[in-house]
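Below: target33.pdb (PDB, C-alpha atoms, pLDDT in the B column)
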ATOM      1  CA  ASP Z   1      53.774 -37.468  69.795  1.00 58.00           C
ATOM      2  CA  ALA Z   2      56.331 -39.448  71.725  1.00 61.00           C
ATOM      3  CA  LYS Z   3      56.983 -42.925  70.377  1.00 85.00           C
ATOM      4  CA  THR Z   4      57.595 -44.295  73.859  1.00 93.00           C
ATOM      5  CA  THR Z   5      55.458 -44.930  76.937  1.00 94.00           C
ATOM      6  CA  GLN Z   6      56.749 -44.980  80.491  1.00 96.00           C
ATOM      7  CA  PRO Z   7      55.187 -45.249  83.948  1.00 97.00           C
ATOM      8  CA  THR Z   8      54.467 -41.874  85.482  1.00 96.00           C
ATOM      9  CA  SER Z   9      56.402 -42.503  88.676  1.00 97.00           C
ATOM     10  CA  MET Z  10      58.383 -45.131  90.566  1.00 97.00           C
ATOM     11  CA  ASP Z  11      59.968 -45.512  93.981  1.00 97.00           C
ATOM     12  CA  CYS Z  12      63.250 -47.199  94.816  1.00 96.00           C
ATOM     13  CA  ALA Z  13      65.108 -47.773  98.079  1.00 97.00           C
ATOM     14  CA  GLU Z  14      68.571 -46.285  98.345  1.00 97.00           C
ATOM     15  CA  GLY Z  15      71.252 -48.855  97.515  1.00 97.00           C
ATOM     16  CA  ARG Z  16      68.882 -51.074  95.569  1.00 97.00           C
ATOM     17  CA  ALA Z  17      68.718 -51.402  91.798  1.00 97.00           C
ATOM     18  CA  ALA Z  18      66.256 -49.131  90.025  1.00 98.00           C
ATOM     19  CA  ASN Z  19      64.689 -50.731  86.957  1.00 98.00           C
ATOM     20  CA  LEU Z  20      62.886 -48.250  84.715  1.00 98.00           C
ATOM     21  CA  PRO Z  21      60.794 -49.775  81.913  1.00 97.00           C
ATOM     22  CA  CYS Z  22      59.978 -48.238  78.545  1.00 97.00           C
ATOM     23  CA  ASN Z  23      57.693 -49.441  75.761  1.00 96.00           C
ATOM     24  CA  HIS Z  24      58.521 -48.526  72.183  1.00 93.00           C
ATOM     25  CA  SER Z  25      56.471 -50.977  70.156  1.00 91.00           C
ATOM     26  CA  THR Z  26      56.518 -48.812  66.985  1.00 90.00           C
ATOM     27  CA  ILE Z  27      60.262 -48.232  66.948  1.00 90.00           C
ATOM     28  CA  SER Z  28      61.758 -48.501  63.478  1.00 88.00           C
ATOM     29  CA  GLY Z  29      64.871 -50.412  62.507  1.00 87.00           C
ATOM     30  CA  ASN Z  30      67.116 -47.358  62.315  1.00 86.00           C
ATOM     31  CA  GLU Z  31      66.014 -45.800  65.588  1.00 89.00           C
ATOM     32  CA  TYR Z  32      68.098 -46.048  68.708  1.00 91.00           C
ATOM     33  CA  VAL Z  33      66.755 -46.019  72.257  1.00 93.00           C
ATOM     34  CA  TYR Z  34      68.170 -43.097  74.213  1.00 93.00           C
ATOM     35  CA  TRP Z  35      67.819 -42.379  77.912  1.00 95.00           C
ATOM     36  CA  TYR Z  36      68.178 -38.978  79.516  1.00 95.00           C
ATOM     37  CA  ARG Z  37      67.394 -37.782  83.006  1.00 97.00           C
ATOM     38  CA  GLN Z  38      66.534 -34.383  84.388  1.00 96.00           C
ATOM     39  CA  ILE Z  39      67.214 -33.439  87.946  1.00 94.00           C
ATOM     40  CA  HIS Z  40      64.971 -30.673  89.229  1.00 86.00           C
ATOM     41  CA  SER Z  41      65.604 -27.301  87.543  1.00 79.00           C
ATOM     42  CA  GLN Z  42      68.576 -28.548  85.521  1.00 89.00           C
ATOM     43  CA  GLY Z  43      68.961 -29.423  81.835  1.00 93.00           C
ATOM     44  CA  PRO Z  44      68.517 -33.077  80.813  1.00 94.00           C
ATOM     45  CA  GLN Z  45      71.596 -35.276  81.140  1.00 94.00           C
ATOM     46  CA  TYR Z  46      72.466 -38.017  78.662  1.00 92.00           C
ATOM     47  CA  ILE Z  47      72.687 -41.458  80.273  1.00 95.00           C
ATOM     48  CA  ILE Z  48      73.015 -44.174  77.645  1.00 94.00           C
ATOM     49  CA  HIS Z  49      71.746 -45.347  74.261  1.00 92.00           C
ATOM     50  CA  GLY Z  50      71.563 -48.558  72.272  1.00 92.00           C
ATOM     51  CA  LEU Z  51      70.238 -50.138  69.100  1.00 92.00           C
ATOM     52  CA  LYS Z  52      69.670 -53.821  69.827  1.00 91.00           C
ATOM     53  CA  ASN Z  53      72.497 -55.034  72.024  1.00 88.00           C
ATOM     54  CA  ASN Z  54      72.577 -54.476  75.742  1.00 94.00           C
ATOM     55  CA  GLU Z  55      74.781 -51.586  76.758  1.00 96.00           C
ATOM     56  CA  THR Z  56      76.552 -50.626  79.958  1.00 97.00           C
ATOM     57  CA  ASN Z  57      78.468 -47.552  81.011  1.00 95.00           C
ATOM     58  CA  GLU Z  58      79.561 -45.987  84.281  1.00 95.00           C
ATOM     59  CA  MET Z  59      76.073 -44.646  84.971  1.00 94.00           C
ATOM     60  CA  ALA Z  60      73.686 -47.424  83.972  1.00 97.00           C
ATOM     61  CA  SER Z  61      72.856 -50.511  81.959  1.00 98.00           C
ATOM     62  CA  LEU Z  62      70.361 -50.674  79.106  1.00 98.00           C
ATOM     63  CA  ILE Z  63      68.572 -53.925  78.366  1.00 97.00           C
ATOM     64  CA  ILE Z  64      66.685 -54.035  75.047  1.00 96.00           C
ATOM     65  CA  THR Z  65      64.348 -56.940  74.283  1.00 95.00           C
ATOM     66  CA  GLU Z  66      65.117 -59.069  71.251  1.00 94.00           C
ATOM     67  CA  ASP Z  67      62.071 -57.724  69.365  1.00 94.00           C
ATOM     68  CA  ARG Z  68      63.144 -54.177  70.336  1.00 94.00           C
ATOM     69  CA  LYS Z  69      59.639 -53.296  71.477  1.00 94.00           C
ATOM     70  CA  SER Z  70      60.696 -52.475  75.009  1.00 95.00           C
ATOM     71  CA  SER Z  71      63.733 -51.728  77.121  1.00 96.00           C
ATOM     72  CA  THR Z  72      64.781 -51.301  80.730  1.00 97.00           C
ATOM     73  CA  LEU Z  73      67.214 -48.817  82.190  1.00 98.00           C
ATOM     74  CA  ILE Z  74      68.980 -50.180  85.243  1.00 98.00           C
ATOM     75  CA  LEU Z  75      70.674 -48.033  87.865  1.00 97.00           C
ATOM     76  CA  PRO Z  76      72.542 -50.755  89.785  1.00 96.00           C
ATOM     77  CA  HIS Z  77      72.832 -49.028  93.167  1.00 95.00           C
ATOM     78  CA  ALA Z  78      70.460 -46.075  93.344  1.00 97.00           C
ATOM     79  CA  THR Z  79      71.409 -43.096  95.501  1.00 97.00           C
ATOM     80  CA  LEU Z  80      69.351 -40.122  96.644  1.00 97.00           C
ATOM     81  CA  ARG Z  81      71.024 -38.095  93.887  1.00 95.00           C
ATOM     82  CA  ASP Z  82      69.392 -40.353  91.292  1.00 97.00           C
ATOM     83  CA  THR Z  83      65.980 -38.855  92.125  1.00 97.00           C
ATOM     84  CA  ALA Z  84      64.975 -37.290  88.796  1.00 97.00           C
ATOM     85  CA  VAL Z  85      62.676 -37.555  85.787  1.00 97.00           C
ATOM     86  CA  TYR Z  86      63.938 -40.219  83.376  1.00 98.00           C
ATOM     87  CA  TYR Z  87      63.110 -39.931  79.679  1.00 96.00           C
ATOM     88  CA  CYS Z  88      63.190 -42.793  77.200  1.00 96.00           C
ATOM     89  CA  ILE Z  89      63.408 -41.646  73.566  1.00 93.00           C
ATOM     90  CA  ALA Z  90      63.385 -43.436  70.228  1.00 91.00           C
ATOM     91  CA  LYS Z  91      65.468 -41.498  67.734  1.00 87.00           C
ATOM     92  CA  GLU Z  92      67.290 -41.988  64.470  1.00 81.00           C
ATOM     93  CA  VAL Z  93      71.008 -41.530  64.698  1.00 73.00           C
ATOM     94  CA  GLY Z  94      71.642 -38.097  63.218  1.00 69.00           C
ATOM     95  CA  GLY Z  95      67.941 -37.300  63.134  1.00 73.00           C
ATOM     96  CA  PHE Z  96      67.242 -33.692  63.939  1.00 74.00           C
ATOM     97  CA  LYS Z  97      64.187 -34.101  66.125  1.00 78.00           C
ATOM     98  CA  THR Z  98      64.239 -35.491  69.645  1.00 83.00           C
ATOM     99  CA  ILE Z  99      60.749 -36.087  71.016  1.00 87.00           C
ATOM    100  CA  PHE Z 100      60.512 -36.191  74.786  1.00 90.00           C
ATOM    101  CA  GLY Z 101      57.489 -37.707  76.472  1.00 89.00           C
ATOM    102  CA  ALA Z 102      56.460 -37.033  80.057  1.00 90.00           C
ATOM    103  CA  GLY Z 103      59.089 -39.433  81.446  1.00 95.00           C
ATOM    104  CA  THR Z 104      59.167 -41.417  84.692  1.00 97.00           C
ATOM    105  CA  ARG Z 105      59.641 -39.581  87.943  1.00 97.00           C
ATOM    106  CA  LEU Z 106      61.946 -41.760  90.063  1.00 98.00           C
ATOM    107  CA  PHE Z 107      61.989 -41.189  93.808  1.00 97.00           C
ATOM    108  CA  VAL Z 108      64.914 -42.773  95.630  1.00 97.00           C
ATOM    109  CA  LYS Z 109      64.137 -43.070  99.326  1.00 96.00           C
ATOM    110  CA  ALA Z 110      66.522 -43.492 102.253  1.00 94.00           C
TER
ATOM    111  CA  GLU U   1      86.229 -29.705  77.886  1.00 55.00           C
ATOM    112  CA  THR U   2      83.778 -26.814  78.360  1.00 67.00           C
ATOM    113  CA  GLY U   3      80.126 -27.775  78.684  1.00 89.00           C
ATOM    114  CA  VAL U   4      77.078 -26.084  77.202  1.00 94.00           C
ATOM    115  CA  THR U   5      76.419 -22.664  78.673  1.00 95.00           C
ATOM    116  CA  GLN U   6      73.350 -20.450  78.383  1.00 97.00           C
ATOM    117  CA  SER U   7      72.616 -16.845  79.192  1.00 97.00           C
ATOM    118  CA  PRO U   8      70.870 -15.262  80.882  1.00 97.00           C
ATOM    119  CA  THR U   9      69.822 -17.611  83.677  1.00 96.00           C
ATOM    120  CA  HIS U  10      66.523 -15.871  84.299  1.00 96.00           C
ATOM    121  CA  LEU U  11      64.595 -13.254  82.380  1.00 96.00           C
ATOM    122  CA  ILE U  12      61.335 -11.401  82.887  1.00 98.00           C
ATOM    123  CA  LYS U  13      59.619  -9.809  79.884  1.00 98.00           C
ATOM    124  CA  THR U  14      56.294  -8.198  79.153  1.00 98.00           C
ATOM    125  CA  ARG U  15      53.774  -9.552  76.668  1.00 98.00           C
ATOM    126  CA  GLY U  16      54.480  -8.223  73.171  1.00 98.00           C
ATOM    127  CA  GLN U  17      58.200  -7.699  73.758  1.00 98.00           C
ATOM    128  CA  GLN U  18      61.026  -9.517  72.021  1.00 98.00           C
ATOM    129  CA  VAL U  19      63.718 -11.646  73.670  1.00 98.00           C
ATOM    130  CA  THR U  20      67.074 -13.120  72.673  1.00 98.00           C
ATOM    131  CA  LEU U  21      68.547 -16.119  74.463  1.00 98.00           C
ATOM    132  CA  ARG U  22      72.138 -17.271  73.965  1.00 98.00           C
ATOM    133  CA  CYS U  23      73.890 -20.626  73.945  1.00 97.00           C
ATOM    134  CA  SER U  24      77.528 -21.661  73.678  1.00 96.00           C
ATOM    135  CA  SER U  25      77.932 -25.224  72.502  1.00 92.00           C
ATOM    136  CA  GLN U  26      80.269 -27.796  73.985  1.00 88.00           C
ATOM    137  CA  SER U  27      83.764 -27.854  72.544  1.00 84.00           C
ATOM    138  CA  GLY U  28      83.904 -29.940  69.366  1.00 83.00           C
ATOM    139  CA  HIS U  29      80.138 -29.859  68.773  1.00 87.00           C
ATOM    140  CA  ASN U  30      78.771 -28.362  65.552  1.00 88.00           C
ATOM    141  CA  THR U  31      75.018 -28.798  66.002  1.00 90.00           C
ATOM    142  CA  VAL U  32      72.708 -26.899  68.336  1.00 92.00           C
ATOM    143  CA  SER U  33      69.094 -27.670  69.181  1.00 93.00           C
ATOM    144  CA  TRP U  34      66.638 -25.561  71.163  1.00 96.00           C
ATOM    145  CA  TYR U  35      63.811 -26.826  73.343  1.00 96.00           C
ATOM    146  CA  GLN U  36      60.968 -25.250  75.290  1.00 97.00           C
ATOM    147  CA  GLN U  37      59.967 -26.885  78.557  1.00 96.00           C
ATOM    148  CA  ALA U  38      56.760 -25.775  80.253  1.00 94.00           C
ATOM    149  CA  LEU U  39      56.340 -26.520  83.939  1.00 90.00           C
ATOM    150  CA  GLY U  40      55.701 -30.208  84.585  1.00 88.00           C
ATOM    151  CA  GLN U  41      56.197 -31.282  80.977  1.00 91.00           C
ATOM    152  CA  GLY U  42      58.996 -32.772  78.914  1.00 92.00           C
ATOM    153  CA  PRO U  43      61.087 -30.560  76.639  1.00 94.00           C
ATOM    154  CA  GLN U  44      59.506 -29.718  73.270  1.00 94.00           C
ATOM    155  CA  PHE U  45      61.771 -29.476  70.223  1.00 93.00           C
ATOM    156  CA  ILE U  46      61.829 -25.992  68.650  1.00 96.00           C
ATOM    157  CA  PHE U  47      64.534 -26.266  65.976  1.00 94.00           C
ATOM    158  CA  GLN U  48      68.060 -27.408  65.228  1.00 92.00           C
ATOM    159  CA  TYR U  49      70.957 -25.560  63.590  1.00 92.00           C
ATOM    160  CA  TYR U  50      73.860 -27.118  61.721  1.00 88.00           C
ATOM    161  CA  ARG U  51      76.493 -25.187  59.809  1.00 86.00           C
ATOM    162  CA  GLU U  52      74.619 -21.952  60.459  1.00 91.00           C
ATOM    163  CA  GLU U  53      71.436 -23.218  58.763  1.00 92.00           C
ATOM    164  CA  GLU U  54      68.152 -24.370  60.279  1.00 91.00           C
ATOM    165  CA  ASN U  55      68.229 -28.143  59.943  1.00 85.00           C
ATOM    166  CA  GLY U  56      64.753 -29.013  61.183  1.00 88.00           C
ATOM    167  CA  ARG U  57      61.880 -27.486  63.078  1.00 92.00           C
ATOM    168  CA  GLY U  58      59.158 -28.554  65.485  1.00 92.00           C
ATOM    169  CA  ASN U  59      55.621 -27.161  65.765  1.00 93.00           C
ATOM    170  CA  PHE U  60      56.529 -23.609  66.694  1.00 96.00           C
ATOM    171  CA  PRO U  61      55.363 -20.438  64.879  1.00 97.00           C
ATOM    172  CA  PRO U  62      57.732 -18.260  62.829  1.00 97.00           C
ATOM    173  CA  ARG U  63      58.047 -15.743  65.661  1.00 98.00           C
ATOM    174  CA  PHE U  64      60.490 -18.284  67.104  1.00 98.00           C
ATOM    175  CA  SER U  65      63.687 -17.875  65.111  1.00 97.00           C
ATOM    176  CA  GLY U  66      67.336 -18.637  65.565  1.00 96.00           C
ATOM    177  CA  LEU U  67      70.880 -18.106  64.459  1.00 96.00           C
ATOM    178  CA  GLN U  68      74.043 -20.148  64.583  1.00 95.00           C
ATOM    179  CA  PHE U  69      77.418 -18.471  64.349  1.00 93.00           C
ATOM    180  CA  PRO U  70      80.705 -19.718  62.819  1.00 92.00           C
ATOM    181  CA  ASN U  71      81.939 -20.709  66.288  1.00 89.00           C
ATOM    182  CA  TYR U  72      78.760 -22.867  66.608  1.00 89.00           C
ATOM    183  CA  SER U  73      77.232 -20.715  69.335  1.00 93.00           C
ATOM    184  CA  SER U  74      73.565 -19.936  68.835  1.00 96.00           C
ATOM    185  CA  GLU U  75      70.746 -17.542  69.621  1.00 98.00           C
ATOM    186  CA  LEU U  76      67.032 -18.100  70.037  1.00 98.00           C
ATOM    187  CA  ASN U  77      64.839 -15.089  69.284  1.00 98.00           C
ATOM    188  CA  VAL U  78      61.190 -14.877  70.207  1.00 98.00           C
ATOM    189  CA  ASN U  79      59.094 -11.966  68.925  1.00 97.00           C
ATOM    190  CA  ALA U  80      55.717 -10.739  70.145  1.00 98.00           C
ATOM    191  CA  LEU U  81      55.958 -12.615  73.421  1.00 98.00           C
ATOM    192  CA  GLU U  82      52.826 -14.291  74.744  1.00 98.00           C
ATOM    193  CA  LEU U  83      52.052 -15.389  78.288  1.00 97.00           C
ATOM    194  CA  ASP U  84      52.294 -19.053  77.167  1.00 97.00           C
ATOM    195  CA  ASP U  85      55.913 -18.493  76.165  1.00 98.00           C
ATOM    196  CA  SER U  86      56.809 -18.581  79.858  1.00 97.00           C
ATOM    197  CA  ALA U  87      59.004 -21.662  80.158  1.00 97.00           C
ATOM    198  CA  LEU U  88      62.495 -23.038  80.605  1.00 97.00           C
ATOM    199  CA  TYR U  89      64.395 -22.747  77.316  1.00 98.00           C
ATOM    200  CA  LEU U  90      67.052 -25.388  76.838  1.00 97.00           C
ATOM    201  CA  CYS U  91      69.893 -25.519  74.398  1.00 96.00           C
ATOM    202  CA  ALA U  92      71.635 -28.784  73.502  1.00 93.00           C
ATOM    203  CA  SER U  93      74.747 -29.366  71.408  1.00 92.00           C
ATOM    204  CA  SER U  94      75.928 -32.481  69.631  1.00 87.00           C
ATOM    205  CA  ARG U  95      78.254 -33.785  66.938  1.00 82.00           C
ATOM    206  CA  THR U  96      76.988 -34.893  63.559  1.00 71.00           C
ATOM    207  CA  SER U  97      79.757 -37.265  62.672  1.00 55.00           C
ATOM    208  CA  GLY U  98      80.543 -40.721  63.900  1.00 49.00           C
ATOM    209  CA  ARG U  99      78.212 -43.174  65.540  1.00 51.00           C
ATOM    210  CA  ASP U 100      77.123 -41.246  68.562  1.00 57.00           C
ATOM    211  CA  TYR U 101      74.795 -38.266  68.473  1.00 69.00           C
ATOM    212  CA  GLU U 102      73.946 -37.810  72.122  1.00 82.00           C
ATOM    213  CA  GLN U 103      72.999 -34.303  73.046  1.00 87.00           C
ATOM    214  CA  TYR U 104      74.497 -32.334  75.898  1.00 90.00           C
ATOM    215  CA  PHE U 105      72.155 -29.826  77.461  1.00 94.00           C
ATOM    216  CA  GLY U 106      72.805 -26.499  79.066  1.00 95.00           C
ATOM    217  CA  PRO U 107      71.206 -25.447  82.353  1.00 95.00           C
ATOM    218  CA  GLY U 108      68.491 -23.455  80.590  1.00 96.00           C
ATOM    219  CA  THR U 109      67.097 -19.954  80.657  1.00 97.00           C
ATOM    220  CA  ARG U 110      63.936 -19.442  82.699  1.00 97.00           C
ATOM    221  CA  LEU U 111      61.727 -16.943  80.832  1.00 98.00           C
ATOM    222  CA  THR U 112      58.739 -15.376  82.544  1.00 98.00           C
ATOM    223  CA  VAL U 113      56.302 -13.333  80.454  1.00 98.00           C
ATOM    224  CA  THR U 114      53.965 -11.045  82.392  1.00 97.00           C
TER
END
Exercise: express the given structure as structure tokens:
Amino acid sequence: DAKTTQPTSMDCAEGRAANLPCNHSTISGNEYVYWYRQIHSQGPQYIIHGLKNNETNEMASLIITEDRKSSTLILPHATLRDTAVYYCIAKEVGGFKTIFGAGTRLFVKA
Amino acid sequence: ETGVTQSPTHLIKTRGQQVTLRCSSQSGHNTVSWYQQALGQGPQFIFQYYREEENGRGNFPPRFSGLQFPNYSSELNVNALELDDSALYLCASSRTSGRDYEQYFGPGTRLTVT
């Protein structure tokens, strides 16, 4: 079973920030939080990952709470192309098994 | 840098047949994982290969088997196909050294079993 829970779906207006929450209350100390997204009929795409510090890259920012029980993926200026299913995953670095849940279906609307 | 490629793109098989799916990993990656994704669901981990050996396995029966070759490319074999094996099969490659282990996925092979 997935170690994370996410809302089933969310809407966001084009040009606004999309904030996708994820709960991972049972995450262990050596597990990172990874985010992937999957655009319809394509393979999942890596977005970002972090352990306990906030992270930012060219695609998104990841905010992890101090107790590490939840996190938020932020797409600062959502575009129509960001419409996808977003998966939040708790995984040990180097661990062989990646468990995907059902993810959050993000709809970006014009 | 070449990304992960998979072949074929689509495949139709009959129940009871056998199928082989192929994956070429991204340049510099030595680990390959395979996933099955049924319609409307998240990918399910099948197994992972590292240095030509199975490194871990999910809840899939032995009729799902794999190979990894010295160039790190990989095959997924499924014997005695069942209707429920119809799915998108994804391959992902990654490194196993350093701090980062993010996986890079191929576009998938859509298998239909009739």
Between chain U and chain Z, at 10 Å or less, what are the per-residue closest atom pairs and their distances in Å? Count only C-alpha atoms, order by chain and rising residue number, and return it as a Markdown table.
| residue | atom | partner | partner_atom | distance |
| --- | --- | --- | --- | --- |
| U:Val4 | CA | Z:Gly43 | CA | 9.9 |
| U:Thr31 | CA | Z:Phe96 | CA | 9.4 |
| U:Val32 | CA | Z:Phe96 | CA | 9.8 |
| U:Ser33 | CA | Z:Phe96 | CA | 8.2 |
| U:Tyr35 | CA | Z:Thr98 | CA | 9.4 |
| U:Gln37 | CA | Z:Gly43 | CA | 9.9 |
| U:Leu39 | CA | Z:Ser41 | CA | 10.0 |
| U:Gly40 | CA | Z:Ala102 | CA | 8.2 |
| U:Gln41 | CA | Z:Ala102 | CA | 5.8 |
| U:Gly42 | CA | Z:Ala102 | CA | 5.1 |
| U:Pro43 | CA | Z:Phe100 | CA | 6.0 |
| U:Gln44 | CA | Z:Phe100 | CA | 6.7 |
| U:Phe45 | CA | Z:Thr98 | CA | 6.5 |
| U:Ile46 | CA | Z:Lys97 | CA | 8.8 |
| U:Phe47 | CA | Z:Lys97 | CA | 7.8 |
| U:Gln48 | CA | Z:Phe96 | CA | 6.5 |
| U:Tyr49 | CA | Z:Phe96 | CA | 8.9 |
| U:Tyr50 | CA | Z:Phe96 | CA | 9.6 |
| U:Asn55 | CA | Z:Phe96 | CA | 6.9 |
| U:Gly56 | CA | Z:Phe96 | CA | 6.0 |
| U:Arg57 | CA | Z:Lys97 | CA | 7.6 |
| U:Gly58 | CA | Z:Lys97 | CA | 7.5 |
| U:Leu88 | CA | Z:Ser41 | CA | 8.7 |
| U:Tyr89 | CA | Z:Gly43 | CA | 9.3 |
| U:Leu90 | CA | Z:Gly43 | CA | 6.7 |
| U:Cys91 | CA | Z:Gly43 | CA | 8.5 |
| U:Ala92 | CA | Z:Gly43 | CA | 8.8 |
| U:Ser94 | CA | Z:Gly94 | CA | 9.5 |
| U:Arg95 | CA | Z:Gly94 | CA | 8.7 |
| U:Thr96 | CA | Z:Gly94 | CA | 6.2 |
| U:Ser97 | CA | Z:Gly94 | CA | 8.2 |
| U:Gly98 | CA | Z:Gly94 | CA | 9.3 |
| U:Arg99 | CA | Z:Val93 | CA | 7.4 |
| U:Asp100 | CA | Z:Val93 | CA | 7.2 |
| U:Tyr101 | CA | Z:Gly94 | CA | 6.1 |
| U:Glu102 | CA | Z:Tyr46 | CA | 6.7 |
| U:Gln103 | CA | Z:Tyr46 | CA | 6.8 |
| U:Tyr104 | CA | Z:Tyr46 | CA | 6.6 |
| U:Phe105 | CA | Z:Gly43 | CA | 5.4 |
| U:Gly106 | CA | Z:Gly43 | CA | 5.6 |
| U:Pro107 | CA | Z:Gly43 | CA | 4.6 |
| U:Gly108 | CA | Z:Gly43 | CA | 6.1 |
| U:Thr109 | CA | Z:Gly43 | CA | 9.7 |
| U:Arg110 | CA | Z:Ser41 | CA | 9.4 |
Kindly resolve the PyMOL selection byres ((chain U and resi 16) around 12) on the present coordinates and return the residues as a PDB file with C-alpha atoms, in the frame of the given file.
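As written to disk, result-v9.pdb reads:
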ATOM      1  CA  LYS U  13      59.619  -9.809  79.884  1.00 98.00           C
ATOM      2  CA  THR U  14      56.294  -8.198  79.153  1.00 98.00           C
ATOM      3  CA  ARG U  15      53.774  -9.552  76.668  1.00 98.00           C
ATOM      4  CA  GLN U  17      58.200  -7.699  73.758  1.00 98.00           C
ATOM      5  CA  GLN U  18      61.026  -9.517  72.021  1.00 98.00           C
ATOM      6  CA  VAL U  19      63.718 -11.646  73.670  1.00 98.00           C
ATOM      7  CA  ARG U  63      58.047 -15.743  65.661  1.00 98.00           C
ATOM      8  CA  VAL U  78      61.190 -14.877  70.207  1.00 98.00           C
ATOM      9  CA  ASN U  79      59.094 -11.966  68.925  1.00 97.00           C
ATOM     10  CA  ALA U  80      55.717 -10.739  70.145  1.00 98.00           C
ATOM     11  CA  LEU U  81      55.958 -12.615  73.421  1.00 98.00           C
ATOM     12  CA  GLU U  82      52.826 -14.291  74.744  1.00 98.00           C
ATOM     13  CA  LEU U  83      52.052 -15.389  78.288  1.00 97.00           C
ATOM     14  CA  ASP U  84      52.294 -19.053  77.167  1.00 97.00           C
ATOM     15  CA  ASP U  85      55.913 -18.493  76.165  1.00 98.00           C
ATOM     16  CA  VAL U 113      56.302 -13.333  80.454  1.00 98.00           C
ATOM     17  CA  THR U 114      53.965 -11.045  82.392  1.00 97.00           C
TER      18      THR U 114
END
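Considering the residues Z:Leu20, Z:Ile39, Z:Ala60, Z:Ile89 and counting all atoms listed in the file, Z:His77 has its shortest atom-to-atom contact with Z:Ala60.
Going from atom CA of Z:Ala13 over to atom CA of Z:Val33, you cover 25.9 Å.
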Box centre and edge lengths (Å, one decimal), axis-aligned, stretch 1-16 of chain U plus 6 Å each side, as JSON:
{"center_x": 70.0, "center_y": -19.0, "center_z": 78.7, "size_x": 44.5, "size_y": 33.5, "size_z": 23.1}
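One distance worth recording is that between atom CA of Z:Ala110 and atom CA of Z:Thr5, which is 27.7 Å.
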Item checked: Distance in Å - atom CA of U:Pro8 versus atom CA of U:Ser86 -> 14.5 Å
Note to self: Given the point (61.0, -50.3, 64.9) in the file's coordinates, find the residues that have an atom at most 12 Å from it, counting all atoms listed in the file, and give them as a count of residues only.
What the structure shows: 24
